[in-house]
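Peer 1: If you scroll down you'll find the structure; I have some questions about it.
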Amino acid sequence: MKKGDHLFLVDGSGYIFRAYHALPPLTRKSDGLPVGAVSGFCNMLWKLMLDARNTDAGVVPTHFAVIFDYSSKTFRNELYPEYKANRSAPPEDLIPQFGLIRQATKAFELPCIEMEGFEADDLIATYARLACEAGGDTTIVSSDKDLMQLVGPTVTMYDPMKDRQINIPEVIEKWGVPPEKMIDLQALTGDSVDNVPGVPGIGPKTAAQLLEQFGDLDTLLARAGEIKQDKRRQSIIDNADKARISRELVRLKLDVPVTDALEDFVLQPPNGPKLIGFLKTMEFTSLTRRVAEATGTEAGEIEAVPVAVQWGADAHGPDVGSGTPVWSPSSPTGPSPRKNGEKEDGRNADASLAPSLRGEGKGEGQDTPTALANKLAAAAAAEKFDHAAYVTIRDLATLKAWVAEATEAGVMAFDTETNSLDPMQAELVGISFATAPGRAAYVPLAHKSGRGDLLGGGLVENQIPVRDALAVLKPLLEDGSVLKIAQNLKYDLVVMNRHGVDVRPFDDTMLLSYVLDGGTNGGHGMDPLSEKWLGHTPIAFKDIAGSGKSFVGFDQVEIDKATAYAAEDADVTLRLWRVLKPRLAAKGLTSVYERLERPLVPVLAEMEQRGISVDRQILSRLSGELAQGAARLEDEINTLAGERFNIGSPKQLGDILFGRMGLPGGTKTKTGQWSTSAQVLEDLAAEGHELPRKIVDWRQLTKLKSTYTDALPGFINPETKRVHTSYALAATTTGRLSSSDPNLQNIPIRTAEGRKIRTAFIADKGNKLISADYSQIELRVLAHVADIGQLKQAFADGVDIHSMTASEMFSVPVEGMPSEVRRRAKAINFGIIYGISAFGLANQLSIPREEASDYIKKYFERFPGIRAYMDETKAFCRDNGYVETIFGRRIHYPEIRSSNPSVRAFNERASINARLQGTAADIIRRAMIRMDDALVAARLSARMLLQVHDELIFETIESEVEATIPVVRHVMENAAMPAASMSVPLHVDARAADNWDEAH
DNA sequence: ACAGAAGCTTA
DNA sequence: GTAAGCTTCTGTT
């Protein structure tokens, strides 16, 4: 699929019902088989096909697919068991037509797409998204309001029965809100047909008016108190949870793990004989004649083909009931039927919950999702742990029995034990899993005997060989119908990937906690989570493996102790999942987890495994140069100071500079020491003192040497010869990633000396590195969320944003502007992103605080929207204890209401920054999640290696550089879509070169 | 052996 | 003024 291509997606299931009710009944003459809907469907398809070949028609499909519901049970039932619960069985005379319409689709040589666990709408949404990313347009053939949320610049709808296009204006005309607000609107109004609850008493008109007033559902719910009408206000406050869950129900899934590629949808010329064969069978004489004429086929020579018809109510029809395809006995192509609730993508709500707990929830009837989640948490905390009950698995038969048990359960927690924190070097020592609370086992695989002797000790007896165990476990870990739960799965995924095993579908308790409680006190590691939610302290790693000098690898741990530790980890993980997963939907955070967190795990796992090449020689040469430079400076420093001392000791340095030498000391640190920060030393240097200058220079050189040129070679993996960083998904408060071991997000760039280190990051022979970075993304996000006209205009016009700010503030024309004026405006712009304070700005610009204060005042006068934005953010945070990104990520600030003014001010600044930094972080996450698919779809071999907050680094073969850059840029620039449509364009700069320095 | 402070690198 | 991670020094355990 490429730019200019046009994808037609026919909502097959929607059409069936609509045609059945709208068209006059029609039966086959020969036997009375009802075929009204089939006839309407065939006529519609034929008309679309004719248009496809009529280049004058304007819209010409190049790709075409018909999408159906698979079964009535989807992931939505797990979010909300009552979803579509009151839908009645389809009419008797419609049932045989379900299968016939699928056969009709095949007779038209069109792809017939359906997938268990997902509605047709979700598949349509996903394919529309893929087409959009590939640069193509989409027409959705349907008039269903549930699909209107997808309408946008590249997506239109077409109502085949009214022959009418539905674009943005039509959506607004009909519903009073633009497409992107349809989700919120439906969340409020609900849907009696699908049994989406919504908010009682709120219909489309009221919902549209409320959304107009408040902007979006979250704001509305947060500020519901402001609604004047008593009844309406109360209903919204009382039913906020219902609205949130409704939103999840109506929100279409854009990332269904579809198996068919857009390329498979390329429109084929009609196969006259095949189609006519089917039409004759249906006895559609008039359409048969028209098709024969158009395709130049002699209809008389073609025989009707036998068609399997599934009569009778026991079949339910493929859109209802068990999910077994019944329309076409000869076509077992659909996914195999799944057990109770588990889904292909790991979506699973309460399928494994103890029946008693589920009963409790239902028995009361009126439980809100929140109340239910709280009950589950309380119940989980009450259950006890019993280490003695854990099982050690030592033979294949037992292992197979456990695999069967896990398969039956459909959910399992899983954990790997290794001998290293580095997943790229770790050897697999054992695997543990849990199938129910308290029911857990450990499979020792490579425990060693012989403590620390040079031969490394032999394997302990009675362990299943790794290969044999993995052969049994692989089908389970890759079984689409068994949900694997892990704590920090990325680690285990890398380890397992190295053994040729994938893990899917999965949930990650660390990420669940991060999404639910990001920013609250306490980390998202397993031990704190266990304490918090289960009231249980797991066995500490250091208690069994020692620490420091006494540390032994996990392979040296006795198997009995290892079983208690490892099985407990799996047990804890499973119990945590049962507490945390229900809270997700209750708090309306499902989409953050499913769209921004979980899909990133395999993406990062691949990036980490790929690594990047680092040139040892370059680093070694630099290291030598730095050592020389530092040594020369050391001599000079010692001479100037008149004594030898440890230059790296701020304490000794302070004593010499401000004590013995009597230089004017600037500030003190909080421990009462003289500060010797670069700022202080620079100031002294500016007054003509020689020594401070040299200290600054020495620090730069030794910093570069110790942190980079000396340390990096030690990270080169002996096997891959590349450097593999580790990305933390749940480490920052704002949603950014962090990088460690080594940190590749703080490789120097500002100074010429530092930049040289970047030349050591290289592409392999015949390859290039591509660096693509967002330009000013946080300021653009600010312009968008704070709705600042001048900023938006400046970005739309592509003018220099800092010059514009300066010009606006100081009334100087942009042409011939002194660089100092622009520098100040730039500092203020950044200050705004950081939640500005006069103190900070004064520091940054080295100006008096009063002057900084005046600047800020002036800025707010020129851009009053900014002050409003900041005030609004603070107020929201104070009221709710958190702020949100435009994608709904929540960042908590529990201390925002502190009585300590400086603590409070800090939290206010942080919350202002978090909305912007967090939104930018979400955007690049979305880009990363889509990137591989986009590259694969474009048949490009480029792959992501690194992420540095607003920059992605790729490696690709030289010949594909030119083709890759536009794809990368397109994905990045459109990453916010369609979840959010930004009122400011995103801009990406991209360059290719042999090394990172030149590519950036 | 570990923890905190100080300092420096990045976006 | 926001968000991170790493190295060195230093004092405590």
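Within each chain, counting starts at residue 1; across the structure tokens, chains are named A, B, ... in the order shown, with ligands numbered 1 upward in that order.
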How close does each residue of chain C get to chain A, giving the shortest atom pair and distance in Å to one decimal for every residue with an atom at most 6 Å away, counting only C-alpha atoms (C1' of nucleotides), sorted by chain and residue number, as a tab-separated table?

Peer 2:
```
residue	atom	partner	partner_atom	distance
C:DG1	C1'	A:Ile836	CA	4.5
C:DT2	C1'	A:Tyr834	CA	4.4
C:DC9	C1'	A:Ser649	CA	5.8
```

Peer 1: Restricting the output to N, CA, C and O atoms (P, O5', C5', C4', C3', O3' and C1' of nucleotides), write the selected residues as a compact mmCIF listing (two decimals), in the first residue's frame.

Peer 2:
```txt
# COMPACT_ATOMS: atom_id res chain seq x y z
P DG C 1 16.23 26.96 40.47
O5' DG C 1 15.26 26.65 39.27
C5' DG C 1 15.05 25.34 38.77
C4' DG C 1 13.58 25.20 38.47
C3' DG C 1 13.25 23.97 37.61
O3' DG C 1 12.19 23.28 38.26
C1' DG C 1 12.39 25.97 36.61
P DT C 2 12.35 21.89 38.88
O5' DT C 2 11.82 20.96 37.70
C5' DT C 2 10.43 20.97 37.38
C4' DT C 2 10.15 20.00 36.25
C3' DT C 2 10.79 18.64 36.42
O3' DT C 2 9.96 17.80 37.18
C1' DT C 2 11.23 19.45 34.26
P DC C 9 37.90 9.85 43.29
O5' DC C 9 37.09 10.48 44.50
C5' DC C 9 36.69 11.85 44.43
C4' DC C 9 35.87 12.21 45.65
C3' DC C 9 36.52 11.82 46.99
O3' DC C 9 36.42 12.93 47.86
C1' DC C 9 34.32 10.94 46.85
```

Peer 1: Please, which residues in chain B fall within 7 Å of chain A when counting only C-alpha atoms (C1' of nucleotides), and what is the closest atom pair and distance in Å to one decimal for each, ordered by chain then residue number, as a Markdown table?

Peer 2:
```
| residue | atom | partner | partner_atom | distance |
| --- | --- | --- | --- | --- |
| B:DA1 | C1' | A:Gly548 | CA | 6.5 |
| B:DG7 | C1' | A:Ser677 | CA | 6.8 |
| B:DT9 | C1' | A:Asn746 | CA | 5.3 |
| B:DT10 | C1' | A:Asn746 | CA | 3.6 |
| B:DA11 | C1' | A:His949 | CA | 6.0 |
```

Peer 1: Write a file of the selected residues as a short mmCIF file (atom, residue, chain, number, x, y, z; two decimals), in the first residue's frame, keeping all heavy atoms.

Peer 2:
```cif
data_model
loop_
_atom_site.label_atom_id
_atom_site.label_comp_id
_atom_site.auth_asym_id
_atom_site.auth_seq_id
_atom_site.Cartn_x
_atom_site.Cartn_y
_atom_site.Cartn_z
P DA B 1 33.58 -5.77 49.27
OP1 DA B 1 33.50 -7.21 49.11
OP2 DA B 1 33.68 -4.92 48.09
"O5'" DA B 1 32.34 -5.24 50.10
"C5'" DA B 1 31.40 -6.13 50.71
"C4'" DA B 1 30.15 -5.35 51.01
"O4'" DA B 1 30.53 -4.21 51.82
"C3'" DA B 1 29.42 -4.78 49.79
"O3'" DA B 1 28.03 -4.95 50.01
"C2'" DA B 1 29.83 -3.32 49.74
"C1'" DA B 1 30.06 -3.01 51.21
N9 DA B 1 31.10 -2.01 51.46
C8 DA B 1 32.34 -1.93 50.90
N7 DA B 1 33.06 -0.92 51.34
C5 DA B 1 32.23 -0.29 52.24
C6 DA B 1 32.39 0.85 53.05
N6 DA B 1 33.49 1.58 53.07
N1 DA B 1 31.36 1.21 53.84
C2 DA B 1 30.26 0.47 53.82
N3 DA B 1 29.98 -0.62 53.12
C4 DA B 1 31.02 -0.95 52.33
P DG B 7 29.45 20.41 43.97
OP1 DG B 7 30.69 21.14 44.27
OP2 DG B 7 28.14 21.08 44.09
"O5'" DG B 7 29.56 19.80 42.51
"C5'" DG B 7 30.71 19.03 42.17
"C4'" DG B 7 30.41 18.26 40.91
"O4'" DG B 7 29.46 17.22 41.21
"C3'" DG B 7 29.78 19.08 39.78
"O3'" DG B 7 30.73 19.30 38.75
"C2'" DG B 7 28.61 18.24 39.30
"C1'" DG B 7 28.85 16.90 39.99
N9 DG B 7 27.63 16.18 40.20
C8 DG B 7 26.51 16.57 40.89
N7 DG B 7 25.55 15.69 40.86
C5 DG B 7 26.07 14.65 40.10
C6 DG B 7 25.49 13.41 39.71
O6 DG B 7 24.36 12.99 39.97
N1 DG B 7 26.37 12.66 38.94
C2 DG B 7 27.64 13.04 38.60
N2 DG B 7 28.34 12.19 37.85
N3 DG B 7 28.19 14.18 38.95
C4 DG B 7 27.36 14.93 39.70
P DT B 9 29.55 18.05 31.43
OP1 DT B 9 30.79 18.07 30.66
OP2 DT B 9 28.84 19.29 31.78
"O5'" DT B 9 28.50 17.12 30.69
"C5'" DT B 9 28.95 15.96 29.97
"C4'" DT B 9 27.78 15.03 29.73
"O4'" DT B 9 27.27 14.55 30.99
"C3'" DT B 9 26.56 15.66 29.08
"O3'" DT B 9 26.72 15.84 27.69
"C2'" DT B 9 25.54 14.58 29.39
"C1'" DT B 9 25.93 14.17 30.80
N1 DT B 9 25.09 14.84 31.83
C2 DT B 9 23.99 14.15 32.26
O2 DT B 9 23.67 13.06 31.86
N3 DT B 9 23.26 14.83 33.20
C4 DT B 9 23.51 16.08 33.73
O4 DT B 9 22.76 16.56 34.57
C5 DT B 9 24.67 16.74 33.21
C7 DT B 9 25.03 18.10 33.72
C6 DT B 9 25.42 16.09 32.30
P DT B 10 25.81 16.91 26.93
OP1 DT B 10 26.39 17.09 25.60
OP2 DT B 10 25.57 18.06 27.81
"O5'" DT B 10 24.41 16.14 26.82
"C5'" DT B 10 24.31 14.96 26.00
"C4'" DT B 10 22.96 14.29 26.22
"O4'" DT B 10 22.78 14.03 27.62
"C3'" DT B 10 21.76 15.13 25.83
"O3'" DT B 10 21.50 14.95 24.44
"C2'" DT B 10 20.67 14.51 26.67
"C1'" DT B 10 21.40 14.08 27.93
N1 DT B 10 21.19 15.00 29.07
C2 DT B 10 20.17 14.73 29.94
O2 DT B 10 19.42 13.79 29.81
N3 DT B 10 20.03 15.63 30.97
C4 DT B 10 20.82 16.74 31.20
O4 DT B 10 20.61 17.46 32.16
C5 DT B 10 21.87 16.97 30.25
C7 DT B 10 22.78 18.16 30.40
C6 DT B 10 22.01 16.10 29.24
P DA B 11 20.57 16.01 23.69
OP1 DA B 11 20.60 15.67 22.26
OP2 DA B 11 20.88 17.37 24.16
"O5'" DA B 11 19.12 15.63 24.27
"C5'" DA B 11 18.51 14.40 23.89
"C4'" DA B 11 17.13 14.31 24.51
"O4'" DA B 11 17.22 14.56 25.92
"C3'" DA B 11 16.16 15.34 23.95
"O3'" DA B 11 14.90 14.72 23.72
"C2'" DA B 11 16.03 16.37 25.02
"C1'" DA B 11 16.32 15.60 26.28
N9 DA B 11 16.98 16.44 27.29
C8 DA B 11 18.20 17.04 27.19
N7 DA B 11 18.51 17.76 28.24
C5 DA B 11 17.41 17.62 29.07
C6 DA B 11 17.12 18.14 30.34
N6 DA B 11 17.93 18.95 31.01
N1 DA B 11 15.94 17.80 30.89
C2 DA B 11 15.13 17.00 30.21
N3 DA B 11 15.30 16.44 29.02
C4 DA B 11 16.47 16.80 28.50
#
```

Peer 1: Could you give me, as a PyMOL selection string, each residue of range 721-847 of chain A that DSSP assigns to alpha helix (DSSP H) when run on this structure's backbone?

Peer 2: chain A and resi 752-758+777-785+789-797+801-810+819-833+838-845

Peer 1: Which residues are close to range 552-564 of chain A, i.e. within 8 Å by only C-alpha atoms (C1' of nucleotides), leaving aside same-chain residues fewer than 2 positions away? Reply as a ChimeraX atom specification.

Peer 2: /A:387-388,390-392,417-420,429,441-444,446-449,451,544-547,550,566-568

Peer 1: Run DSSP on the backbone and tell me which residues of range 438-613 of chain A come out as strand (DSSP E or B); list them as an MDAnalysis selection string.

Peer 2: chainID A and resid 439:444 448 459 483:486 506:508 612:613

Peer 1: With only C-alpha atoms (C1' of nucleotides) as the counted atoms, please give the residues lying no more than 9 Å from Leu287 in chain A, apart from itself and same-chain residues fewer than 2 positions off, as a PyMOL selection string.

Peer 2: chain A and resi 39+42-43+46+276+279+284-285+289-292

Peer 1: Give me a file of those residues, with N, CA, C and O atoms, as a PDB file, in the first residue's frame.

Peer 2:
```pdb
ATOM      1  N   SER A  39     -28.850 -10.952  -1.543  1.00  0.00           N
ATOM      2  CA  SER A  39     -29.075 -10.231  -2.784  1.00  0.00           C
ATOM      3  C   SER A  39     -28.624  -8.781  -2.666  1.00  0.00           C
ATOM      4  O   SER A  39     -27.914  -8.257  -3.526  1.00  0.00           O
ATOM      5  N   CYS A  42     -24.841  -8.656  -2.625  1.00  0.00           N
ATOM      6  CA  CYS A  42     -24.211  -8.866  -3.938  1.00  0.00           C
ATOM      7  C   CYS A  42     -24.377  -7.650  -4.840  1.00  0.00           C
ATOM      8  O   CYS A  42     -23.443  -7.242  -5.535  1.00  0.00           O
ATOM      9  N   ASN A  43     -25.555  -7.067  -4.805  1.00  0.00           N
ATOM     10  CA  ASN A  43     -25.779  -5.885  -5.637  1.00  0.00           C
ATOM     11  C   ASN A  43     -24.867  -4.742  -5.207  1.00  0.00           C
ATOM     12  O   ASN A  43     -24.326  -4.020  -6.050  1.00  0.00           O
ATOM     13  N   TRP A  46     -21.308  -5.478  -6.264  1.00  0.00           N
ATOM     14  CA  TRP A  46     -21.144  -5.339  -7.710  1.00  0.00           C
ATOM     15  C   TRP A  46     -21.069  -3.881  -8.118  1.00  0.00           C
ATOM     16  O   TRP A  46     -20.253  -3.481  -8.953  1.00  0.00           O
ATOM     17  N   ILE A 276     -20.446 -15.820 -11.422  1.00  0.00           N
ATOM     18  CA  ILE A 276     -21.720 -16.187 -12.046  1.00  0.00           C
ATOM     19  C   ILE A 276     -22.208 -17.527 -11.525  1.00  0.00           C
ATOM     20  O   ILE A 276     -23.409 -17.730 -11.295  1.00  0.00           O
ATOM     21  N   LEU A 279     -23.912 -16.714  -8.343  1.00  0.00           N
ATOM     22  CA  LEU A 279     -25.147 -15.948  -8.526  1.00  0.00           C
ATOM     23  C   LEU A 279     -26.260 -16.831  -9.097  1.00  0.00           C
ATOM     24  O   LEU A 279     -27.432 -16.692  -8.749  1.00  0.00           O
ATOM     25  N   PHE A 284     -30.173 -15.267  -8.734  1.00  0.00           N
ATOM     26  CA  PHE A 284     -30.301 -13.816  -8.920  1.00  0.00           C
ATOM     27  C   PHE A 284     -30.175 -13.550 -10.417  1.00  0.00           C
ATOM     28  O   PHE A 284     -29.098 -13.253 -10.928  1.00  0.00           O
ATOM     29  N   THR A 285     -31.289 -13.664 -11.124  1.00  0.00           N
ATOM     30  CA  THR A 285     -31.192 -13.647 -12.582  1.00  0.00           C
ATOM     31  C   THR A 285     -30.732 -12.310 -13.146  1.00  0.00           C
ATOM     32  O   THR A 285     -29.917 -12.263 -14.063  1.00  0.00           O
ATOM     33  N   ARG A 289     -27.182 -11.633 -15.188  1.00  0.00           N
ATOM     34  CA  ARG A 289     -27.128 -11.125 -16.557  1.00  0.00           C
ATOM     35  C   ARG A 289     -26.162  -9.939 -16.648  1.00  0.00           C
ATOM     36  O   ARG A 289     -25.318  -9.854 -17.528  1.00  0.00           O
ATOM     37  N   ARG A 290     -26.271  -9.045 -15.674  1.00  0.00           N
ATOM     38  CA  ARG A 290     -25.422  -7.842 -15.717  1.00  0.00           C
ATOM     39  C   ARG A 290     -23.941  -8.215 -15.571  1.00  0.00           C
ATOM     40  O   ARG A 290     -23.079  -7.656 -16.245  1.00  0.00           O
ATOM     41  N   VAL A 291     -23.673  -9.154 -14.696  1.00  0.00           N
ATOM     42  CA  VAL A 291     -22.280  -9.566 -14.500  1.00  0.00           C
ATOM     43  C   VAL A 291     -21.744 -10.231 -15.771  1.00  0.00           C
ATOM     44  O   VAL A 291     -20.615  -9.993 -16.206  1.00  0.00           O
ATOM     45  N   ALA A 292     -22.579 -11.061 -16.369  1.00  0.00           N
ATOM     46  CA  ALA A 292     -22.171 -11.760 -17.595  1.00  0.00           C
ATOM     47  C   ALA A 292     -21.819 -10.751 -18.682  1.00  0.00           C
ATOM     48  O   ALA A 292     -20.783 -10.863 -19.347  1.00  0.00           O
TER      49      ALA A 292
END
```

Peer 1: What does the distance from CA of Arg889 in chain A to CA of Tyr80 in chain A come to in Å, to one decimal?

Peer 2: 21.6 Å

Peer 1: For Ile866 in chain A, which residue among A:Gln790, A:Thr667, A:Thr509, A:Thr295 is the nearest when counting only C-alpha atoms?

Peer 2: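 The answer is A:Gln790, which sits nearest to Ile866 in chain A.
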
Peer 1: Might you pull out every residue within 12 Å of DT12 in chain C, with only C-alpha atoms (C1' of nucleotides) counted and same-chain residues fewer than 2 positions away left off, and present them as a ChimeraX atom specification?

Peer 2: /B:1-4 /C:10

Peer 1: Emit the selected residues as a compact mmCIF listing (two decimals), in the first residue's frame, including all heavy atoms.

Peer 2:
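The new file again10.txt reads:
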```txt
# COMPACT_ATOMS: atom_id res chain seq x y z
P DA B 1 33.58 -5.77 49.27
OP1 DA B 1 33.50 -7.21 49.11
OP2 DA B 1 33.68 -4.92 48.09
O5' DA B 1 32.34 -5.24 50.10
C5' DA B 1 31.40 -6.13 50.71
C4' DA B 1 30.15 -5.35 51.01
O4' DA B 1 30.53 -4.21 51.82
C3' DA B 1 29.42 -4.78 49.79
O3' DA B 1 28.03 -4.95 50.01
C2' DA B 1 29.83 -3.32 49.74
C1' DA B 1 30.06 -3.01 51.21
N9 DA B 1 31.10 -2.01 51.46
C8 DA B 1 32.34 -1.93 50.90
N7 DA B 1 33.06 -0.92 51.34
C5 DA B 1 32.23 -0.29 52.24
C6 DA B 1 32.39 0.85 53.05
N6 DA B 1 33.49 1.58 53.07
N1 DA B 1 31.36 1.21 53.84
C2 DA B 1 30.26 0.47 53.82
N3 DA B 1 29.98 -0.62 53.12
C4 DA B 1 31.02 -0.95 52.33
P DC B 2 27.00 -4.45 48.91
OP1 DC B 2 25.85 -5.34 48.98
OP2 DC B 2 27.70 -4.22 47.64
O5' DC B 2 26.59 -3.04 49.52
C5' DC B 2 26.10 -3.00 50.86
C4' DC B 2 25.76 -1.58 51.23
O4' DC B 2 26.97 -0.83 51.45
C3' DC B 2 24.95 -0.82 50.16
O3' DC B 2 23.77 -0.36 50.78
C2' DC B 2 25.88 0.31 49.72
C1' DC B 2 26.79 0.47 50.93
N1 DC B 2 28.16 1.03 50.66
C2 DC B 2 28.61 2.13 51.39
O2 DC B 2 27.87 2.63 52.25
N3 DC B 2 29.85 2.61 51.14
C4 DC B 2 30.62 2.04 50.21
N4 DC B 2 31.83 2.56 50.02
C5 DC B 2 30.17 0.91 49.46
C6 DC B 2 28.94 0.44 49.70
P DA B 3 22.66 0.44 49.99
OP1 DA B 3 21.35 0.02 50.51
OP2 DA B 3 22.97 0.39 48.55
O5' DA B 3 22.94 1.91 50.51
C5' DA B 3 23.02 2.17 51.90
C4' DA B 3 23.02 3.68 52.11
O4' DA B 3 24.37 4.18 51.89
C3' DA B 3 22.12 4.43 51.12
O3' DA B 3 21.52 5.50 51.82
C2' DA B 3 23.07 4.88 50.03
C1' DA B 3 24.39 5.08 50.78
N9 DA B 3 25.59 4.76 49.99
C8 DA B 3 25.75 3.80 49.02
N7 DA B 3 26.97 3.76 48.51
C5 DA B 3 27.64 4.75 49.21
C6 DA B 3 28.97 5.21 49.14
N6 DA B 3 29.89 4.71 48.32
N1 DA B 3 29.33 6.21 49.97
C2 DA B 3 28.42 6.72 50.80
N3 DA B 3 27.14 6.37 50.96
C4 DA B 3 26.81 5.36 50.12
P DG B 4 20.50 6.50 51.10
OP1 DG B 4 19.39 6.78 52.03
OP2 DG B 4 20.24 6.02 49.72
O5' DG B 4 21.41 7.80 51.00
C5' DG B 4 22.00 8.29 52.19
C4' DG B 4 22.85 9.50 51.86
O4' DG B 4 24.06 9.07 51.20
C3' DG B 4 22.16 10.49 50.91
O3' DG B 4 22.37 11.79 51.43
C2' DG B 4 22.84 10.26 49.58
C1' DG B 4 24.24 9.81 50.00
N9 DG B 4 24.94 8.94 49.06
C8 DG B 4 24.44 7.88 48.33
N7 DG B 4 25.34 7.29 47.59
C5 DG B 4 26.51 8.00 47.84
C6 DG B 4 27.82 7.83 47.33
O6 DG B 4 28.21 6.98 46.51
N1 DG B 4 28.70 8.76 47.84
C2 DG B 4 28.37 9.74 48.74
N2 DG B 4 29.35 10.56 49.13
N3 DG B 4 27.16 9.92 49.23
C4 DG B 4 26.28 9.02 48.74
P DT C 10 37.22 12.94 49.21
OP1 DT C 10 37.57 14.35 49.49
OP2 DT C 10 38.26 11.90 49.17
O5' DT C 10 36.11 12.49 50.23
C5' DT C 10 34.91 13.25 50.32
C4' DT C 10 33.98 12.58 51.30
O4' DT C 10 33.33 11.45 50.65
C3' DT C 10 34.68 12.01 52.54
O3' DT C 10 34.11 12.59 53.69
C2' DT C 10 34.44 10.51 52.48
C1' DT C 10 33.20 10.42 51.59
N1 DT C 10 33.05 9.17 50.82
C2 DT C 10 31.80 8.58 50.75
O2 DT C 10 30.83 9.04 51.32
N3 DT C 10 31.74 7.43 50.02
C4 DT C 10 32.79 6.82 49.35
O4 DT C 10 32.61 5.79 48.71
C5 DT C 10 34.05 7.48 49.44
C7 DT C 10 35.26 6.90 48.76
C6 DT C 10 34.13 8.62 50.17
```

Peer 1: To one decimal place, how far is CA of Phe64 in chain A from CA of Val10 in chain A in Å?

Peer 2: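 For CA of Phe64 in chain A relative to CA of Val10 in chain A, the distance reads 7.9 Å.
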
Peer 1: So that I can check the surroundings of range 463-479 of chain A, please list as an MDAnalysis selection string every protein, DNA and RNA residue that reaches within 6 Å of it, counting only C-alpha atoms (C1' of nucleotides) and ignoring chain neighbours fewer than 5 positions away.

Peer 2: chainID A and resid 394:395 444:445 501:504

Peer 1: Determine, counting only C-alpha atoms (C1' of nucleotides), which protein, DNA and RNA residues have an atom within 12 Å of an atom of Val601 in chain A; residues of the same chain fewer than 5 positions away are not included. Present the result as a PyMOL selection string.

Peer 2: chain A and resi 486-494+503-508+510-511+593-596+606-608+726-730+737+925+928-929

Peer 1: Go through A:Ser235, A:Gln673, A:Ser983, A:Ser246 and flag the residue nearest DA6 in chain B, using only C-alpha atoms (C1' of nucleotides) for the distances.

Peer 2: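 The answer is A:Gln673, which sits nearest to DA6 in chain B.
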
Peer 1: Please report the interatomic distance between CA of Met161 in chain A and CA of Lys47 in chain A in Å with one decimal.

Peer 2: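 Here the two named atoms are 11.3 Å from each other.
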